[in-house]
$ cat data10.txt   # compact mmCIF, C-alpha atoms (C1' of nucleotides)
# COMPACT_ATOMS: atom_id res chain seq x y z
CA MET I 888 -11.27 4.83 -39.53
CA SER I 889 -11.26 1.08 -39.17
CA PRO I 890 -12.47 -1.14 -41.97
CA TYR I 891 -13.35 -4.80 -41.74
CA PRO I 892 -13.68 -6.94 -38.60
CA VAL I 893 -10.50 -5.51 -37.17
CA GLN I 894 -9.04 -8.07 -34.80
CA THR I 895 -6.10 -6.11 -33.52
CA ASP I 896 -3.92 -3.07 -33.90
CA ARG I 897 -0.29 -2.24 -33.37
CA GLU I 898 -0.68 -1.12 -29.78
CA THR I 899 -2.50 -4.28 -28.78
CA ILE I 900 0.14 -6.40 -30.48
CA ILE I 901 2.98 -4.68 -28.64
CA GLU I 902 1.29 -4.86 -25.26
CA THR I 903 0.33 -8.51 -25.74
CA ALA I 904 3.86 -9.33 -26.78
CA ARG I 905 5.21 -7.48 -23.78
CA ALA I 906 2.96 -9.41 -21.43
CA MET I 907 3.82 -12.74 -23.05
CA ILE I 908 7.55 -12.02 -22.85
CA GLU I 909 7.17 -11.11 -19.21
CA ARG I 910 5.21 -14.29 -18.54
CA ASP I 911 7.23 -16.83 -20.53
CA GLY I 912 10.53 -15.19 -21.51
CA VAL I 913 11.67 -13.81 -24.85
CA GLU I 914 13.07 -17.10 -26.00
CA SER I 915 9.70 -18.76 -26.09
CA LEU I 916 7.84 -15.98 -27.87
CA SER I 917 7.10 -16.82 -31.49
CA LEU I 918 4.99 -14.84 -33.90
CA GLY I 919 2.75 -17.88 -34.16
CA LYS I 920 1.99 -17.93 -30.45
CA LEU I 921 1.56 -14.19 -30.38
CA ALA I 922 -0.86 -14.25 -33.30
CA SER I 923 -2.76 -17.12 -31.74
CA GLU I 924 -3.20 -15.18 -28.50
CA LEU I 925 -4.59 -12.33 -30.59
CA GLY I 926 -6.98 -14.61 -32.49
CA ILE I 927 -5.26 -14.21 -35.86
CA LYS I 928 -2.63 -15.96 -37.98
CA ALA I 929 1.08 -15.12 -37.93
CA PRO I 930 1.34 -13.49 -41.37
CA SER I 931 -1.44 -11.07 -40.45
CA LEU I 932 0.89 -9.50 -37.91
CA TYR I 933 2.88 -8.06 -40.78
CA ARG I 934 0.04 -5.65 -41.50
CA HIS I 935 1.05 -3.88 -38.28
CA ILE I 936 4.72 -4.60 -37.68
CA ALA I 937 7.64 -4.67 -40.08
CA SER I 938 9.39 -7.66 -38.50
CA LYS I 939 9.79 -9.54 -35.26
CA ASN I 940 12.78 -7.38 -34.39
CA ALA I 941 10.80 -4.20 -34.99
CA MET I 942 8.18 -5.55 -32.61
CA LEU I 943 10.79 -6.32 -29.96
CA GLN I 944 12.20 -2.85 -30.38
CA ALA I 945 8.75 -1.42 -29.66
CA VAL I 946 8.42 -3.62 -26.58
CA ILE I 947 11.77 -2.34 -25.35
CA GLU I 948 10.74 1.24 -25.91
CA GLN I 949 7.51 0.68 -24.02
CA THR I 950 9.48 -0.89 -21.19
CA TYR I 951 11.63 2.23 -20.88
CA MET I 952 8.48 4.35 -20.82
CA ASN I 953 7.09 2.25 -18.01
CA LEU I 954 10.35 2.50 -16.10
CA PHE I 955 10.34 6.27 -16.44
CA HIS I 956 6.80 6.35 -15.18
CA ALA I 957 7.99 4.51 -12.09
CA TYR I 958 10.67 7.21 -11.68
CA ASP I 959 7.99 9.89 -11.73
CA ASP I 960 5.97 8.14 -9.06
CA ALA I 961 9.07 7.76 -6.94
CA LEU I 962 10.00 11.43 -7.11
CA GLU I 963 6.51 12.43 -6.03
CA ASN I 964 7.00 10.55 -2.79
CA ALA I 965 10.47 11.88 -2.08
CA SER I 966 11.50 14.81 0.10
CA ASP I 967 13.63 17.60 -1.35
CA ASN I 968 16.74 16.02 0.11
CA PRO I 969 18.91 14.88 -2.83
CA GLN I 970 20.18 11.84 -0.96
CA ASP I 971 16.59 10.77 -0.36
CA GLN I 972 15.63 11.43 -3.98
CA ILE I 973 18.45 9.30 -5.35
CA THR I 974 17.61 6.52 -2.91
CA LYS I 975 13.95 6.57 -3.89
CA LEU I 976 14.79 6.59 -7.60
CA SER I 977 17.19 3.69 -7.19
CA GLN I 978 14.64 1.69 -5.24
CA ALA I 979 11.98 2.40 -7.84
CA HIS I 980 14.33 1.23 -10.58
CA ARG I 981 15.11 -1.97 -8.71
CA SER I 982 11.45 -2.64 -7.90
CA PHE I 983 10.51 -2.18 -11.52
CA ALA I 984 13.17 -4.65 -12.59
CA HIS I 985 11.96 -7.22 -10.07
CA GLU I 986 8.37 -6.80 -11.20
CA ASN I 987 9.33 -7.02 -14.87
CA PRO I 988 12.47 -9.16 -14.94
CA ASN I 989 12.11 -10.49 -18.46
CA THR I 990 11.29 -7.26 -20.24
CA TYR I 991 13.79 -5.36 -18.10
CA THR I 992 16.54 -7.76 -19.08
CA LEU I 993 15.47 -7.57 -22.70
CA ALA I 994 15.61 -3.79 -22.69
CA TYR I 995 19.03 -3.64 -21.07
CA THR I 996 20.76 -6.44 -22.94
CA ALA I 997 19.52 -5.97 -26.48
CA GLN I 998 22.26 -7.50 -28.58
CA HIS I 999 21.29 -6.51 -32.11
CA PRO I 1000 21.93 -2.85 -32.85
CA GLU I 1001 18.51 -2.97 -34.48
CA LEU I 1002 16.98 -3.35 -31.02
CA ARG I 1003 18.76 -0.48 -29.34
CA THR I 1004 16.64 2.38 -28.12
CA ASN I 1005 17.29 5.87 -29.33
CA PRO I 1006 19.73 7.49 -26.85
CA ASP I 1007 17.82 10.76 -26.94
CA THR I 1008 14.92 9.06 -25.22
CA LEU I 1009 17.19 8.26 -22.32
CA LEU I 1010 19.10 11.52 -22.28
CA GLU I 1011 16.32 13.70 -20.95
CA ARG I 1012 15.88 11.42 -17.96
CA ALA I 1013 19.59 11.19 -17.38
CA LEU I 1014 19.85 14.97 -17.27
CA SER I 1015 17.19 15.38 -14.63
CA ILE I 1016 18.83 12.77 -12.41
CA GLN I 1017 22.19 14.37 -12.99
CA GLN I 1018 20.82 17.62 -11.59
CA ILE I 1019 20.05 15.86 -8.34
CA ILE I 1020 23.43 14.18 -8.23
CA THR I 1021 25.15 17.54 -8.69
CA LYS I 1022 23.96 18.55 -5.25
CA ILE I 1023 25.89 15.63 -3.80
CA SER I 1024 28.99 15.35 -5.95
CA GLY I 1025 29.39 18.92 -7.09
CA GLN I 1026 29.14 20.16 -10.65
CA GLU I 1027 32.51 18.91 -11.84
CA ASN I 1028 31.90 15.29 -10.87
CA SER I 1029 28.24 15.02 -11.72
CA LEU I 1030 28.58 13.08 -14.98
CA PRO I 1031 30.96 10.44 -13.61
CA ALA I 1032 28.86 10.20 -10.46
CA LEU I 1033 25.70 9.72 -12.52
CA ARG I 1034 27.32 7.07 -14.67
CA GLY I 1035 28.54 5.19 -11.64
CA LEU I 1036 25.13 5.34 -10.04
CA LEU I 1037 23.41 3.92 -13.11
CA ALA I 1038 26.09 1.24 -13.32
CA LEU I 1039 25.73 0.33 -9.68
CA VAL I 1040 21.95 0.14 -9.74
CA HIS I 1041 21.75 -1.74 -13.02
CA GLY I 1042 24.65 -4.04 -12.20
CA TYR I 1043 23.23 -4.96 -8.82
CA ILE I 1044 19.89 -5.81 -10.39
CA MET I 1045 21.46 -7.88 -13.14
CA LEU I 1046 23.47 -9.88 -10.61
CA GLU I 1047 20.28 -10.49 -8.64
CA LEU I 1048 18.29 -11.52 -11.70
CA ASN I 1049 21.05 -13.85 -12.80
CA GLU I 1050 21.11 -15.38 -9.35
CA GLN I 1051 24.68 -14.45 -8.71
CA LEU I 1052 24.03 -13.08 -5.23
CA GLN I 1053 23.09 -16.34 -3.57
CA ARG I 1054 25.06 -16.18 -0.35
CA GLY I 1055 22.25 -14.98 1.83
CA GLY I 1056 21.64 -11.66 3.55
CA ASP I 1057 18.87 -9.13 3.00
CA LEU I 1058 19.41 -8.09 -0.60
CA SER I 1059 17.15 -5.05 -0.28
CA ALA I 1060 19.00 -3.75 2.74
CA THR I 1061 22.32 -4.47 1.08
CA PHE I 1062 21.20 -2.55 -1.99
CA ASP I 1063 20.37 0.49 0.10
CA ALA I 1064 23.68 0.22 1.95
CA VAL I 1065 25.65 -0.03 -1.26
CA ILE I 1066 23.96 3.02 -2.77
CA HIS I 1067 24.56 4.90 0.45
CA ALA I 1068 28.25 4.00 0.50
CA TYR I 1069 28.62 5.00 -3.13
CA LEU I 1070 27.08 8.41 -2.61
CA ARG I 1071 29.19 8.98 0.48
CA GLY I 1072 32.27 8.36 -1.64
CA TRP I 1073 31.38 11.31 -3.86
CA GLN I 1074 30.63 13.79 -1.10
CA MET Z 1290 42.40 -43.36 -28.82
CA SER Z 1291 40.74 -41.94 -31.89
CA PRO Z 1292 39.05 -44.13 -34.46
CA TYR Z 1293 38.20 -43.11 -37.98
CA PRO Z 1294 39.32 -39.93 -39.71
CA VAL Z 1295 38.41 -37.89 -36.66
CA GLN Z 1296 37.50 -34.41 -37.81
CA THR Z 1297 36.94 -32.77 -34.47
CA ASP Z 1298 36.48 -33.20 -30.74
CA ARG Z 1299 34.51 -31.50 -28.03
CA GLU Z 1300 37.22 -29.05 -27.06
CA THR Z 1301 37.71 -27.90 -30.64
CA ILE Z 1302 33.96 -27.49 -31.06
CA ILE Z 1303 33.64 -25.34 -27.95
CA GLU Z 1304 36.61 -23.15 -28.80
CA THR Z 1305 35.48 -22.71 -32.40
CA ALA Z 1306 31.99 -21.82 -31.24
CA ARG Z 1307 33.44 -19.35 -28.74
CA ALA Z 1308 35.52 -17.68 -31.43
CA MET Z 1309 32.58 -17.54 -33.85
CA ILE Z 1310 30.31 -16.04 -31.21
CA GLU Z 1311 32.93 -13.47 -30.41
CA ARG Z 1312 33.34 -12.65 -34.08
CA ASP Z 1313 29.71 -12.57 -35.25
CA GLY Z 1314 27.51 -12.57 -32.15
CA VAL Z 1315 25.47 -15.37 -30.58
CA GLU Z 1316 22.42 -14.63 -32.66
CA SER Z 1317 24.11 -15.56 -35.88
CA LEU Z 1318 25.69 -18.79 -34.70
CA SER Z 1319 23.91 -21.84 -36.03
CA LEU Z 1320 24.98 -25.44 -35.70
CA GLY Z 1321 25.15 -25.57 -39.47
CA LYS Z 1322 27.69 -22.75 -39.69
CA LEU Z 1323 29.65 -24.17 -36.79
CA ALA Z 1324 29.78 -27.61 -38.36
CA SER Z 1325 30.76 -26.13 -41.69
CA GLU Z 1326 33.67 -24.25 -40.10
CA LEU Z 1327 34.79 -27.58 -38.62
CA GLY Z 1328 34.50 -29.39 -41.94
CA ILE Z 1329 31.61 -31.63 -40.90
CA LYS Z 1330 27.79 -31.69 -41.07
CA ALA Z 1331 25.53 -30.36 -38.34
CA PRO Z 1332 24.15 -33.69 -37.06
CA SER Z 1333 27.70 -34.93 -36.48
CA LEU Z 1334 28.06 -32.35 -33.72
CA TYR Z 1335 25.69 -34.39 -31.62
CA ARG Z 1336 28.38 -37.02 -31.18
CA HIS Z 1337 30.16 -34.51 -28.96
CA ILE Z 1338 27.52 -32.19 -27.51
CA ALA Z 1339 24.07 -32.94 -26.13
CA SER Z 1340 22.38 -29.86 -27.60
CA LYS Z 1341 23.05 -26.35 -28.75
CA ASN Z 1342 22.27 -25.10 -25.26
CA ALA Z 1343 24.74 -27.52 -23.71
CA MET Z 1344 27.35 -26.18 -26.10
CA LEU Z 1345 26.56 -22.58 -25.15
CA GLN Z 1346 26.80 -23.53 -21.50
CA ALA Z 1347 30.30 -24.87 -22.14
CA VAL Z 1348 31.26 -21.67 -23.95
CA ILE Z 1349 30.03 -19.67 -20.97
CA GLU Z 1350 32.01 -21.79 -18.57
CA GLN Z 1351 35.14 -21.37 -20.67
CA THR Z 1352 34.56 -17.63 -20.72
CA TYR Z 1353 34.50 -17.54 -16.92
CA MET Z 1354 37.71 -19.54 -16.84
CA ASN Z 1355 39.36 -17.05 -19.18
CA LEU Z 1356 38.11 -14.15 -17.07
CA PHE Z 1357 39.54 -15.73 -13.94
CA HIS Z 1358 42.82 -16.20 -15.69
CA ALA Z 1359 42.85 -12.47 -16.39
CA TYR Z 1360 42.27 -11.92 -12.65
CA ASP Z 1361 45.34 -14.01 -11.85
CA ASP Z 1362 47.49 -12.03 -14.23
CA ALA Z 1363 46.24 -8.79 -12.74
CA LEU Z 1364 47.04 -9.80 -9.17
CA GLU Z 1365 50.57 -10.69 -10.15
CA ASN Z 1366 51.16 -7.14 -11.24
CA ALA Z 1367 49.58 -5.52 -8.20
CA SER Z 1368 51.25 -4.27 -5.05
CA ASP Z 1369 50.12 -5.52 -1.65
CA ASN Z 1370 47.97 -2.43 -1.19
CA PRO Z 1371 44.31 -3.59 -1.16
CA GLN Z 1372 43.12 -0.45 -2.91
CA ASP Z 1373 45.60 -1.11 -5.71
CA GLN Z 1374 44.64 -4.76 -5.92
CA ILE Z 1375 40.94 -4.02 -6.28
CA THR Z 1376 41.66 -1.39 -8.89
CA LYS Z 1377 43.82 -3.77 -10.90
CA LEU Z 1378 41.22 -6.54 -10.66
CA SER Z 1379 38.46 -4.19 -11.78
CA GLN Z 1380 40.51 -2.95 -14.70
CA ALA Z 1381 41.35 -6.50 -15.72
CA HIS Z 1382 37.66 -7.41 -15.62
CA ARG Z 1383 36.75 -4.43 -17.75
CA SER Z 1384 39.55 -5.07 -20.24
CA PHE Z 1385 38.47 -8.66 -20.59
CA ALA Z 1386 34.90 -7.58 -21.30
CA HIS Z 1387 36.05 -5.12 -23.95
CA GLU Z 1388 38.24 -7.71 -25.61
CA ASN Z 1389 35.44 -10.31 -25.52
CA PRO Z 1390 32.21 -8.33 -25.62
CA ASN Z 1391 30.00 -10.97 -27.16
CA THR Z 1392 31.02 -13.91 -25.01
CA TYR Z 1393 31.18 -11.70 -21.93
CA THR Z 1394 27.62 -10.55 -22.50
CA LEU Z 1395 26.53 -14.10 -23.17
CA ALA Z 1396 28.06 -15.32 -19.92
CA TYR Z 1397 26.51 -12.58 -17.84
CA THR Z 1398 23.04 -12.46 -19.36
CA ALA Z 1399 22.25 -16.13 -19.87
CA GLN Z 1400 18.47 -16.19 -19.82
CA HIS Z 1401 17.70 -19.90 -19.76
CA PRO Z 1402 18.38 -21.49 -16.37
CA GLU Z 1403 19.96 -24.25 -18.45
CA LEU Z 1404 22.75 -21.87 -19.36
CA ARG Z 1405 23.61 -20.68 -15.89
CA THR Z 1406 27.02 -21.55 -14.56
CA ASN Z 1407 27.40 -23.46 -11.35
CA PRO Z 1408 27.61 -20.90 -8.52
CA ASP Z 1409 30.37 -22.89 -6.80
CA THR Z 1410 32.68 -22.09 -9.69
CA LEU Z 1411 32.24 -18.42 -8.95
CA LEU Z 1412 32.25 -18.69 -5.17
CA GLU Z 1413 35.92 -19.48 -4.76
CA ARG Z 1414 36.88 -16.39 -6.72
CA ALA Z 1415 34.40 -14.25 -4.85
CA LEU Z 1416 35.87 -15.33 -1.54
CA SER Z 1417 39.41 -14.39 -2.46
CA ILE Z 1418 38.32 -10.96 -3.62
CA GLN Z 1419 36.23 -10.56 -0.49
CA GLN Z 1420 39.39 -11.07 1.58
CA ILE Z 1421 40.95 -8.09 -0.09
CA ILE Z 1422 37.83 -5.98 0.35
CA THR Z 1423 37.76 -6.78 4.04
CA LYS Z 1424 40.93 -4.75 4.49
CA ILE Z 1425 39.06 -1.71 3.17
CA SER Z 1426 35.52 -2.09 4.46
CA GLY Z 1427 36.14 -4.09 7.62
CA GLN Z 1428 34.95 -7.60 8.29
CA GLU Z 1429 31.30 -6.73 9.00
CA ASN Z 1430 30.73 -4.96 5.67
CA SER Z 1431 32.81 -7.13 3.42
CA LEU Z 1432 29.98 -9.07 1.77
CA PRO Z 1433 27.87 -6.00 0.92
CA ALA Z 1434 30.99 -4.17 -0.22
CA LEU Z 1435 31.97 -7.09 -2.45
CA ARG Z 1436 28.51 -7.30 -3.95
CA GLY Z 1437 28.45 -3.61 -4.68
CA LEU Z 1438 31.87 -3.77 -6.29
CA LEU Z 1439 30.85 -6.59 -8.62
CA ALA Z 1440 27.64 -4.72 -9.42
CA LEU Z 1441 29.49 -1.50 -10.14
CA VAL Z 1442 32.12 -3.10 -12.35
CA HIS Z 1443 29.69 -5.29 -14.24
CA GLY Z 1444 27.05 -2.59 -14.54
CA TYR Z 1445 29.51 -0.05 -15.88
CA ILE Z 1446 30.73 -2.50 -18.49
CA MET Z 1447 27.21 -3.42 -19.56
CA LEU Z 1448 26.27 0.22 -19.99
CA GLU Z 1449 29.39 0.73 -22.09
CA LEU Z 1450 28.74 -2.33 -24.23
CA ASN Z 1451 25.14 -1.28 -24.76
CA GLU Z 1452 26.31 2.15 -25.79
CA GLN Z 1453 24.48 3.91 -23.03
CA LEU Z 1454 27.44 6.07 -22.02
CA GLN Z 1455 27.60 8.17 -25.14
CA ARG Z 1456 27.99 11.64 -23.74
CA GLY Z 1457 31.73 11.88 -24.11
CA GLY Z 1458 34.50 11.94 -21.56
CA ASP Z 1459 37.28 9.44 -20.95
CA LEU Z 1460 35.39 6.28 -20.03
CA SER Z 1461 38.50 4.56 -18.70
CA ALA Z 1462 39.35 7.44 -16.40
CA THR Z 1463 35.72 7.69 -15.31
CA PHE Z 1464 35.71 3.99 -14.51
CA ASP Z 1465 38.73 4.37 -12.26
CA ALA Z 1466 37.22 7.41 -10.58
CA VAL Z 1467 33.94 5.63 -9.94
CA ILE Z 1468 35.65 2.62 -8.39
CA HIS Z 1469 37.74 4.93 -6.29
CA ALA Z 1470 34.72 6.85 -5.03
CA TYR Z 1471 32.91 3.64 -4.24
CA LEU Z 1472 35.77 2.26 -2.18
CA ARG Z 1473 36.13 5.55 -0.34
CA GLY Z 1474 32.51 5.29 0.65
CA TRP Z 1475 33.19 2.05 2.50
CA GLN Z 1476 36.28 3.20 4.35
C1' DT H 484 -29.36 1.76 -52.43
C1' DC H 485 -25.44 -0.20 -54.56
C1' DC H 486 -20.74 -0.75 -55.58
C1' DC H 487 -15.85 -0.48 -54.98
C1' DG H 488 -11.50 0.21 -52.98
C1' DA H 489 -8.51 -0.44 -49.39
C1' DA H 490 -7.42 -2.41 -45.01
C1' DA H 491 -6.80 -6.49 -42.82
C1' DA H 492 -7.43 -10.88 -42.62
C1' DC H 493 -6.30 -15.72 -44.80
C1' DT H 494 -3.81 -19.79 -47.17
C1' DA H 495 0.19 -21.47 -49.41
C1' DA H 496 4.90 -21.53 -49.99
C1' DT H 497 10.06 -20.74 -48.91
C1' DA H 498 14.23 -20.73 -46.23
C1' DT H 499 16.70 -21.61 -42.15
C1' DA H 500 17.40 -24.18 -37.86
C1' DA H 501 17.54 -27.71 -34.33
C1' DT H 502 17.10 -32.24 -33.60
C1' DT H 503 16.25 -37.47 -34.32
C1' DA H 504 16.64 -41.85 -36.87
C1' DG H 505 19.02 -44.81 -39.38
C1' DT H 506 23.16 -45.98 -42.18
C1' DC H 507 28.03 -46.17 -43.61
C1' DT H 508 33.03 -46.06 -42.91
C1' DT H 509 37.33 -47.12 -40.98
C1' DG H 510 41.05 -47.56 -37.65
C1' DA H 511 42.53 -50.16 -33.83
C1' DA H 512 42.45 -54.16 -31.16
C1' DA H 513 41.75 -59.11 -30.73
C1' DT E 314 42.00 -60.81 -40.91
C1' DT E 315 37.88 -59.92 -38.68
C1' DT E 316 35.14 -57.16 -35.78
C1' DC E 317 33.15 -53.24 -33.51
C1' DA E 318 32.45 -48.86 -31.89
C1' DA E 319 33.24 -44.03 -32.60
C1' DG E 320 32.23 -40.75 -35.55
C1' DA E 321 30.85 -39.34 -39.75
C1' DC E 322 26.77 -38.99 -43.30
C1' DT E 323 21.98 -38.55 -45.48
C1' DA E 324 17.15 -38.15 -44.86
C1' DA E 325 13.33 -36.69 -42.37
C1' DT E 326 10.69 -33.92 -38.75
C1' DT E 327 9.28 -29.93 -36.44
C1' DA E 328 9.44 -24.86 -35.65
C1' DT E 329 9.75 -20.43 -37.09
C1' DA E 330 10.22 -16.06 -39.68
C1' DT E 331 8.92 -14.15 -43.71
C1' DT E 332 6.91 -13.36 -48.64
C1' DA E 333 3.37 -13.85 -52.27
C1' DG E 334 -0.96 -13.94 -53.64
C1' DT E 335 -5.97 -14.26 -52.49
C1' DT E 336 -10.29 -13.30 -50.06
C1' DT E 337 -13.33 -10.74 -47.12
C1' DT E 338 -16.09 -6.89 -45.62
C1' DC E 339 -16.90 -2.34 -44.26
C1' DG E 340 -17.53 2.67 -45.17
C1' DG E 341 -17.97 6.30 -48.37
C1' DG E 342 -19.27 8.02 -52.79
C1' DA E 343 -22.21 7.31 -57.30

$ encode --input "data10.txt" --output "structure tokens"
Amino acid sequence: MSPYPVQTDRETIIETARAMIERDGVESLSLGKLASELGIKAPSLYRHIASKNAMLQAVIEQTYMNLFHAYDDALENASDNPQDQITKLSQAHRSFAHENPNTYTLAYTAQHPELRTNPDTLLERALSIQQIITKISGQENSLPALRGLLALVHGYIMLELNEQLQRGGDLSATFDAVIHAYLRGWQ
Amino acid sequence: MSPYPVQTDRETIIETARAMIERDGVESLSLGKLASELGIKAPSLYRHIASKNAMLQAVIEQTYMNLFHAYDDALENASDNPQDQITKLSQAHRSFAHENPNTYTLAYTAQHPELRTNPDTLLERALSIQQIITKISGQENSLPALRGLLALVHGYIMLELNEQLQRGGDLSATFDAVIHAYLRGWQ
DNA sequence: TCCCGAAAACTAATATAATTAGTCTTGAAA
DNA sequence: TTTCAAGACTAATTATATTAGTTTTCGGGA
């Protein structure tokens, strides 16, 4: 299977890159530093990845997978009350973003089209959350209500991460209150 | 005032950079291309700007100024009904982002702390919007309600710009409906 | 056991970018 | 007319992504 003194493989590269981005920010990640952390030289990376952008794309995809895993954990700890499920999912999303601010931001603000994640990956998750929302908003409003929820959760997090909510107050409690108000508006 | 055959000045540099970013994206803006568009060589830019980051920071600040100008225009065309005022402001914000997607995204996702805009610049605007919100949510909830509104508007726009709302439907109408539901939740 | 091919590493080289150092030019003011 | 400072220029440095071409060594077949 593996010839030579194999130093690394694609999976290790992606995970190392992910960790380095999370630690130091995307801006400061170069293929040289990444290779060095892996004990190889930069050009050797091209045996495993097509380009730096392709590598970033893989990091973004992995980040979504990790986020979805956090969703799963959250749903396991939720009651069968839809309001509670949405709250738990939203909190899980926010916690994930706070634990992984740099990769989260990377995943959600990928400029280059080349870096965008396949929508189908996201669709399946969206549908299952939409089913929960339907119980609150009704069938006819479930897509708008879902879109607004995602916008609210993501927007709140981005404002926090960009330090644009600096006027004090308990930001966790405010988050919960805002979600609650939003859901009430659709009932 | 101006010695030599002056080719450019700071204001022209910033505005040209802003236009180029809007046209081609931040990623593809180099000081070389910028200088070339201005008819000079890259090192000459350093007579007017301290660094590329300082220049980006100025572009971001200008973008906020332009956004605030759009707010002013919107309020002139609004009735004295707070619900109407918030709707008009939100629509103006969204329109601005759609007309200036690249600079809008740059302004709102500046990674480097070096690029962050002075919070005081934003505070004055936030306060005047908060006054309007107070009439809907009441005094005690006005800060959370304001934060949620900004999150909702910004988050919705970012999802649109990142092409994460691809399942059809009238996105403008949905935006209005989502804002409306949110405000109802705080009444 | 030996050899050989392919995977995966390496070195060298190229192109693009940001930035710094040092020099030249010229318009305005003395 | 002389001077000087602002603003331009060229040359050089450092990083970085990427490509080309070369070397190494293991595992499987002769």

$ closest_atom_pairs --input "data10.txt" --of "chain H" --to "chain Z" --cutoff "12 Å" --atoms "only C-alpha atoms (C1' of nucleotides)" --output "CSV"
residue,atom,partner,partner_atom,distance
H:DT499,C1',Z:Ser1319,CA,9.5
H:DA500,C1',Z:Ser1319,CA,7.2
H:DA501,C1',Z:Leu1320,CA,7.9
H:DT502,C1',Z:Pro1332,CA,8.0
H:DT503,C1',Z:Pro1332,CA,9.2
H:DA504,C1',Z:Pro1332,CA,11.1
H:DT508,C1',Z:Tyr1293,CA,7.7
H:DT509,C1',Z:Tyr1293,CA,5.1
H:DG510,C1',Z:Pro1292,CA,5.1
H:DA511,C1',Z:Pro1292,CA,7.0
H:DA512,C1',Z:Met1290,CA,11.1

$ atom_distance --input "data10.txt" --atom1 "atom CA of Val893 of chain I" --atom2 "atom CA of Ile936 of chain I"
15.3 Å

$ interface_residues --input "data10.txt" --of "chain E" --to "chain I" --cutoff "9 Å" --atoms "all atoms listed in the file" --output "PyMOL selection string"
chain E and resi 329-331+337-340

$ interface_residues --input "data10.txt" --of "chain I" --to "chain Z" --cutoff "8 Å" --atoms "all atoms listed in the file" --output "ChimeraX atom specification"
/I:995-998,1003,1006,1031-1032,1034-1035,1037-1046,1049,1051-1052,1061-1062,1064-1065,1067-1073

$ atom_distance --input "data10.txt" --atom1 "atom CA of Gln1428 of chain Z" --atom2 "atom CA of Lys975 of chain I"
28.1 Å

$ atom_distance --input "data10.txt" --atom1 "atom CA of Leu1318 of chain Z" --atom2 "atom CA of Leu1345 of chain Z"
10.3 Å

$ residues_around --input "data10.txt" --residues "segment 484-487 of chain H" --least-positions-apart "5" --cutoff "10 Å" --atoms "all atoms listed in the file" --output "PyMOL selection string"
chain E and resi 341-343

$ residues_around --input "data10.txt" --residues "Asp1362 of chain Z" --least-positions-apart "6" --cutoff "12 Å" --atoms "all atoms listed in the file" --output "PyMOL selection string"
chain Z and resi 1355-1356+1374+1377-1378+1380-1382+1385

$ write_last_selection --input "data10.txt" --atoms "C-alpha atoms" --output "PDB file, in the frame of the given file"
ATOM      1  CA  ASN Z1355      39.360 -17.050 -19.180  1.00  0.00           C
ATOM      2  CA  LEU Z1356      38.110 -14.150 -17.070  1.00  0.00           C
ATOM      3  CA  GLN Z1374      44.640  -4.760  -5.920  1.00  0.00           C
ATOM      4  CA  LYS Z1377      43.820  -3.770 -10.900  1.00  0.00           C
ATOM      5  CA  LEU Z1378      41.220  -6.540 -10.660  1.00  0.00           C
ATOM      6  CA  GLN Z1380      40.510  -2.950 -14.700  1.00  0.00           C
ATOM      7  CA  ALA Z1381      41.350  -6.500 -15.720  1.00  0.00           C
ATOM      8  CA  HIS Z1382      37.660  -7.410 -15.620  1.00  0.00           C
ATOM      9  CA  PHE Z1385      38.470  -8.660 -20.590  1.00  0.00           C
TER      10      PHE Z1385
END
